[in-house]
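Participant: The structure is given below, and queries will be raised subsequently.
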Amino acid sequence: MKIKTQEDVDSLDIKIQNELGIDLKKYRNPEVVENIMDLLLFPKYILNWTMRPVLISFVIYIIGYFIIDLVHIEYILYAIIGLVLFLITGVLAGLWFLTFKLKSDINAIIQYTLDILKSCVVDISKLSTNNLKENPKDTLQLLMKGITHIITIPVLTDVISKKIPLIGRLINSIIKRILISISNKLRFKSTEDTTVQTGEMTPSQIIEFYTKAVMGASNGLSTVLSISTHIVQLPIKISFGIIFSILMLFIYLIW
């Protein structure tokens, strides 16, 4: 089930309520918001890693007036086109560097998401262990996707918008893509390659089984995070390469 719109999120929410008997929205409470806020470290370094390349680009742009032999209309072209290209290059470079720094924050957020996942399993078992007895892998994947889209992403969107008002939307877009990629790629390995007769387990054994599955996924998080980060970085790197090439060509033509 691909999640692209709010309607898809609502459908996912209803699916989880119908199949597992749990309402994930109840976990989106002030305590969760506070915990996620405590996990976010990047507001401390975001200005350095995003604004520094922009400032460097602007300084190089100013220096260009003194080292490039400009005449007549070339001054106007450089003033307008040059400024735009330099600034876009700086912004893209800043976002590229920022994705590397985001890893520790994203890792902490996903670990917290997995903690919520374990809490959900316990709560579902209290309602009825029958909801956990079949297809453990599919159950965990469904819950992970639901928690990511119904709890983690909406809470992060609100928190980041408040903490980083100027470029919060852009940062939200990057983090959202990373989180969605992770939720799609994260695998609960202890439920794979083995056939487990959960129907023969006691409720406590079922909870233990699911908890081990979540812990197994947590152990492989670093690799999944690296892959997801590279996927998100790719369009930024390509855009940077294109704009930088256009900038170099522009400078060559007016030199």
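The chains in the structure tokens are called A, B, ... from first to last as shown; in each chain the residues are counted from 1, and the ligands are counted from 1 in the order shown.
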Could you list, as a PyMOL selection string, every residue within 12 Å of Ile67 of chain A, counting only C-alpha atoms and ignoring same-chain residues fewer than 5 positions away?

Facilitator: chain A and resi 60-62+251+254-255

Participant: I'd like the neighbourhood of segment 239-249 of chain A as a PyMOL selection string, where a residue qualifies if any of its atoms comes within 10 Å (using only C-alpha atoms), though same-chain residues fewer than 2 positions away should be ignored.

Facilitator: chain A and resi 81-86+88-93+95-96+233-237+251-255

Participant: Take the residues that were just selected and, keeping N, CA, C and O atoms, output them as a CSV table (one decimal), in the first residue's frame.

Facilitator:
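The result, stored in again_26.csv:
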chain,number,residue,atom,x,y,z
A,81,ILE,N,21.8,36.8,-13.5
A,81,ILE,CA,21.9,35.4,-13.7
A,81,ILE,C,23.0,34.8,-12.8
A,81,ILE,O,22.8,33.7,-12.2
A,82,GLY,N,24.1,35.5,-12.6
A,82,GLY,CA,25.2,35.0,-11.8
A,82,GLY,C,24.7,34.9,-10.3
A,82,GLY,O,25.0,33.9,-9.7
A,83,LEU,N,24.0,35.9,-9.8
A,83,LEU,CA,23.5,35.9,-8.4
A,83,LEU,C,22.6,34.7,-8.2
A,83,LEU,O,22.7,33.9,-7.2
A,84,VAL,N,21.7,34.5,-9.1
A,84,VAL,CA,20.7,33.3,-9.0
A,84,VAL,C,21.5,32.0,-9.0
A,84,VAL,O,21.2,31.1,-8.2
A,85,LEU,N,22.4,31.8,-9.9
A,85,LEU,CA,23.1,30.6,-10.1
A,85,LEU,C,24.0,30.3,-8.8
A,85,LEU,O,24.0,29.2,-8.3
A,86,PHE,N,24.7,31.3,-8.4
A,86,PHE,CA,25.5,31.2,-7.2
A,86,PHE,C,24.7,30.8,-5.9
A,86,PHE,O,25.1,29.9,-5.2
A,88,ILE,N,21.6,29.4,-5.8
A,88,ILE,CA,21.1,28.1,-5.9
A,88,ILE,C,22.1,27.0,-5.7
A,88,ILE,O,21.9,26.0,-5.0
A,89,THR,N,23.3,27.2,-6.2
A,89,THR,CA,24.4,26.3,-5.9
A,89,THR,C,24.7,26.2,-4.4
A,89,THR,O,24.9,25.1,-3.9
A,90,GLY,N,24.7,27.4,-3.8
A,90,GLY,CA,25.0,27.4,-2.3
A,90,GLY,C,23.9,26.6,-1.5
A,90,GLY,O,24.2,25.9,-0.6
A,91,VAL,N,22.7,26.8,-1.9
A,91,VAL,CA,21.5,26.2,-1.2
A,91,VAL,C,21.6,24.7,-1.4
A,91,VAL,O,21.4,23.9,-0.4
A,92,LEU,N,21.8,24.2,-2.6
A,92,LEU,CA,21.9,22.8,-2.9
A,92,LEU,C,23.1,22.2,-2.2
A,92,LEU,O,23.0,21.0,-1.6
A,93,ALA,N,24.2,22.9,-2.1
A,93,ALA,CA,25.4,22.3,-1.4
A,93,ALA,C,25.1,22.2,0.1
A,93,ALA,O,25.4,21.2,0.7
A,95,LEU,N,22.1,21.8,1.5
A,95,LEU,CA,21.2,20.7,1.7
A,95,LEU,C,21.9,19.3,1.6
A,95,LEU,O,21.6,18.4,2.4
A,96,TRP,N,22.8,19.3,0.7
A,96,TRP,CA,23.6,18.0,0.5
A,96,TRP,C,24.4,17.7,1.8
A,96,TRP,O,24.4,16.6,2.3
A,233,GLN,N,19.6,11.8,-1.2
A,233,GLN,CA,20.7,12.7,-1.6
A,233,GLN,C,20.8,12.7,-3.1
A,233,GLN,O,21.2,13.8,-3.7
A,234,LEU,N,20.4,11.7,-3.8
A,234,LEU,CA,20.7,11.5,-5.2
A,234,LEU,C,20.1,12.7,-6.0
A,234,LEU,O,20.8,13.3,-6.8
A,235,PRO,N,18.8,13.1,-5.9
A,235,PRO,CA,18.3,14.2,-6.7
A,235,PRO,C,19.0,15.5,-6.3
A,235,PRO,O,19.1,16.4,-7.2
A,236,ILE,N,19.4,15.7,-5.0
A,236,ILE,CA,20.1,16.9,-4.6
A,236,ILE,C,21.4,17.0,-5.3
A,236,ILE,O,21.8,18.0,-5.8
A,237,LYS,N,22.1,15.8,-5.3
A,237,LYS,CA,23.5,15.8,-6.0
A,237,LYS,C,23.4,16.0,-7.5
A,237,LYS,O,24.2,16.8,-8.0
A,251,ILE,N,30.1,31.5,-16.5
A,251,ILE,CA,31.3,32.2,-16.1
A,251,ILE,C,32.3,32.2,-17.3
A,251,ILE,O,32.9,33.2,-17.7
A,252,TYR,N,32.4,31.0,-17.9
A,252,TYR,CA,33.3,30.8,-19.1
A,252,TYR,C,32.9,31.7,-20.2
A,252,TYR,O,33.7,32.3,-20.9
A,253,LEU,N,31.6,31.8,-20.5
A,253,LEU,CA,31.1,32.6,-21.6
A,253,LEU,C,31.3,34.1,-21.4
A,253,LEU,O,31.4,34.8,-22.4
A,254,ILE,N,31.2,34.6,-20.2
A,254,ILE,CA,31.3,36.0,-20.0
A,254,ILE,C,32.7,36.5,-19.6
A,254,ILE,O,32.9,37.6,-19.4
A,255,TRP,N,33.6,35.5,-19.3
A,255,TRP,CA,34.9,35.9,-18.9
A,255,TRP,C,35.6,36.7,-19.9
A,255,TRP,O,35.7,36.4,-21.1

Participant: Could you tell me, as an NGL selection string, which residues of segment 85-177 of chain A DSSP assigns to alpha helix (DSSP H) when given the backbone?

Facilitator: :A and (85-101 or 103-127 or 136-147 or 153-163 or 168-177)

Participant: Could you work out how far atom CA of Gln111 of chain A lies from atom CA of Lys25 of chain A, giving the answer in Å with one decimal?

Facilitator: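 Separation between atom CA of Lys25 of chain A and atom CA of Gln111 of chain A: 18.8 Å.
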
Participant: Taking only C-alpha atoms into account, which of A:Val71, A:Ile116, A:Ile63, A:Leu186 comes nearest Ser222 of chain A?

Facilitator: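 Result for the nearest residue to Ser222 of chain A: A:Leu186.
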
Participant: Tell me which of A:Arg52, A:Lys103, A:Arg169, A:Lys145 sits closest to Leu221 of chain A, counting only C-alpha atoms.

Facilitator: A:Lys103

Participant: From the options A:Ile238, A:Ile174, A:Leu127, A:Ile73, which residue's atoms come nearest to Leu20 of chain A, counting only C-alpha atoms?

Facilitator: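 The closest residue to Leu20 of chain A is A:Leu127.
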
Participant: What's the 7 Å shell around segment 135-137 of chain A, counting only C-alpha atoms, without same-chain residues fewer than 3 positions away, as a PyMOL selection string?

Facilitator: chain A and resi 132+140-141+188+191

Participant: Could you pull the residues within 9 Å of Thr148 of chain A, counting only C-alpha atoms, minus those fewer than 5 positions along the same chain, as a list in words?

Facilitator: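 Within the cut-off, the hits are Ile110, Thr113, Leu143, Ile153, Pro154, Leu179, Ile180 and Ser183 of chain A.
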
Participant: Using only all heavy atoms, please write the residues we just selected to a file, as a PDB file, in the first residue's frame.

Facilitator:
ATOM      1  N   ILE A 110      13.834   7.080  14.492  1.00  0.00           N
ATOM      2  CA  ILE A 110      13.380   5.740  14.116  1.00  0.00           C
ATOM      3  C   ILE A 110      13.437   4.798  15.316  1.00  0.00           C
ATOM      4  O   ILE A 110      12.543   3.954  15.504  1.00  0.00           O
ATOM      5  CB  ILE A 110      14.226   5.189  12.950  1.00  0.00           C
ATOM      6  CG1 ILE A 110      13.932   5.980  11.671  1.00  0.00           C
ATOM      7  CG2 ILE A 110      13.919   3.709  12.707  1.00  0.00           C
ATOM      8  CD1 ILE A 110      12.510   5.838  11.175  1.00  0.00           C
ATOM      9  N   THR A 113      10.480   5.471  17.188  1.00  0.00           N
ATOM     10  CA  THR A 113       9.340   4.897  16.473  1.00  0.00           C
ATOM     11  C   THR A 113       9.215   3.405  16.753  1.00  0.00           C
ATOM     12  O   THR A 113       8.111   2.871  16.937  1.00  0.00           O
ATOM     13  CB  THR A 113       9.494   5.132  14.955  1.00  0.00           C
ATOM     14  OG1 THR A 113       9.539   6.537  14.692  1.00  0.00           O
ATOM     15  CG2 THR A 113       8.326   4.531  14.183  1.00  0.00           C
ATOM     16  N   LEU A 143       2.109  -1.995  10.988  1.00  0.00           N
ATOM     17  CA  LEU A 143       2.218  -1.104  12.142  1.00  0.00           C
ATOM     18  C   LEU A 143       3.317  -0.067  11.946  1.00  0.00           C
ATOM     19  O   LEU A 143       3.136   1.107  12.261  1.00  0.00           O
ATOM     20  CB  LEU A 143       2.491  -1.914  13.409  1.00  0.00           C
ATOM     21  CG  LEU A 143       1.286  -2.534  14.110  1.00  0.00           C
ATOM     22  CD1 LEU A 143       1.746  -3.439  15.246  1.00  0.00           C
ATOM     23  CD2 LEU A 143       0.345  -1.460  14.640  1.00  0.00           C
ATOM     24  N   ILE A 153       5.697  11.333  11.306  1.00  0.00           N
ATOM     25  CA  ILE A 153       5.783  12.406  10.316  1.00  0.00           C
ATOM     26  C   ILE A 153       4.935  13.623  10.696  1.00  0.00           C
ATOM     27  O   ILE A 153       5.434  14.764  10.646  1.00  0.00           O
ATOM     28  CB  ILE A 153       5.413  11.886   8.910  1.00  0.00           C
ATOM     29  CG1 ILE A 153       6.517  10.954   8.401  1.00  0.00           C
ATOM     30  CG2 ILE A 153       5.198  13.038   7.931  1.00  0.00           C
ATOM     31  CD1 ILE A 153       6.233  10.325   7.048  1.00  0.00           C
ATOM     32  N   PRO A 154       3.661  13.464  11.096  1.00  0.00           N
ATOM     33  CA  PRO A 154       2.885  14.650  11.495  1.00  0.00           C
ATOM     34  C   PRO A 154       3.481  15.397  12.683  1.00  0.00           C
ATOM     35  O   PRO A 154       3.501  16.631  12.693  1.00  0.00           O
ATOM     36  CB  PRO A 154       1.506  14.057  11.858  1.00  0.00           C
ATOM     37  CG  PRO A 154       1.416  12.803  11.082  1.00  0.00           C
ATOM     38  CD  PRO A 154       2.803  12.253  11.063  1.00  0.00           C
ATOM     39  N   LEU A 179      12.235   9.098   6.075  1.00  0.00           N
ATOM     40  CA  LEU A 179      11.441   8.253   6.972  1.00  0.00           C
ATOM     41  C   LEU A 179      10.569   7.276   6.186  1.00  0.00           C
ATOM     42  O   LEU A 179      10.444   6.104   6.559  1.00  0.00           O
ATOM     43  CB  LEU A 179      10.565   9.127   7.868  1.00  0.00           C
ATOM     44  CG  LEU A 179      11.292   9.922   8.952  1.00  0.00           C
ATOM     45  CD1 LEU A 179      10.308  10.822   9.693  1.00  0.00           C
ATOM     46  CD2 LEU A 179      11.984   9.002   9.937  1.00  0.00           C
ATOM     47  N   ILE A 180       9.946   7.740   5.118  1.00  0.00           N
ATOM     48  CA  ILE A 180       9.108   6.864   4.301  1.00  0.00           C
ATOM     49  C   ILE A 180       9.949   5.768   3.675  1.00  0.00           C
ATOM     50  O   ILE A 180       9.547   4.592   3.649  1.00  0.00           O
ATOM     51  CB  ILE A 180       8.379   7.676   3.214  1.00  0.00           C
ATOM     52  CG1 ILE A 180       7.335   8.591   3.856  1.00  0.00           C
ATOM     53  CG2 ILE A 180       7.706   6.752   2.201  1.00  0.00           C
ATOM     54  CD1 ILE A 180       6.648   9.522   2.878  1.00  0.00           C
ATOM     55  N   SER A 183      10.765   3.220   6.407  1.00  0.00           N
ATOM     56  CA  SER A 183       9.611   2.389   6.778  1.00  0.00           C
ATOM     57  C   SER A 183       9.296   1.356   5.704  1.00  0.00           C
ATOM     58  O   SER A 183       8.799   0.261   6.011  1.00  0.00           O
ATOM     59  CB  SER A 183       8.381   3.266   7.031  1.00  0.00           C
ATOM     60  OG  SER A 183       7.897   3.840   5.831  1.00  0.00           O
TER      61      SER A 183
END
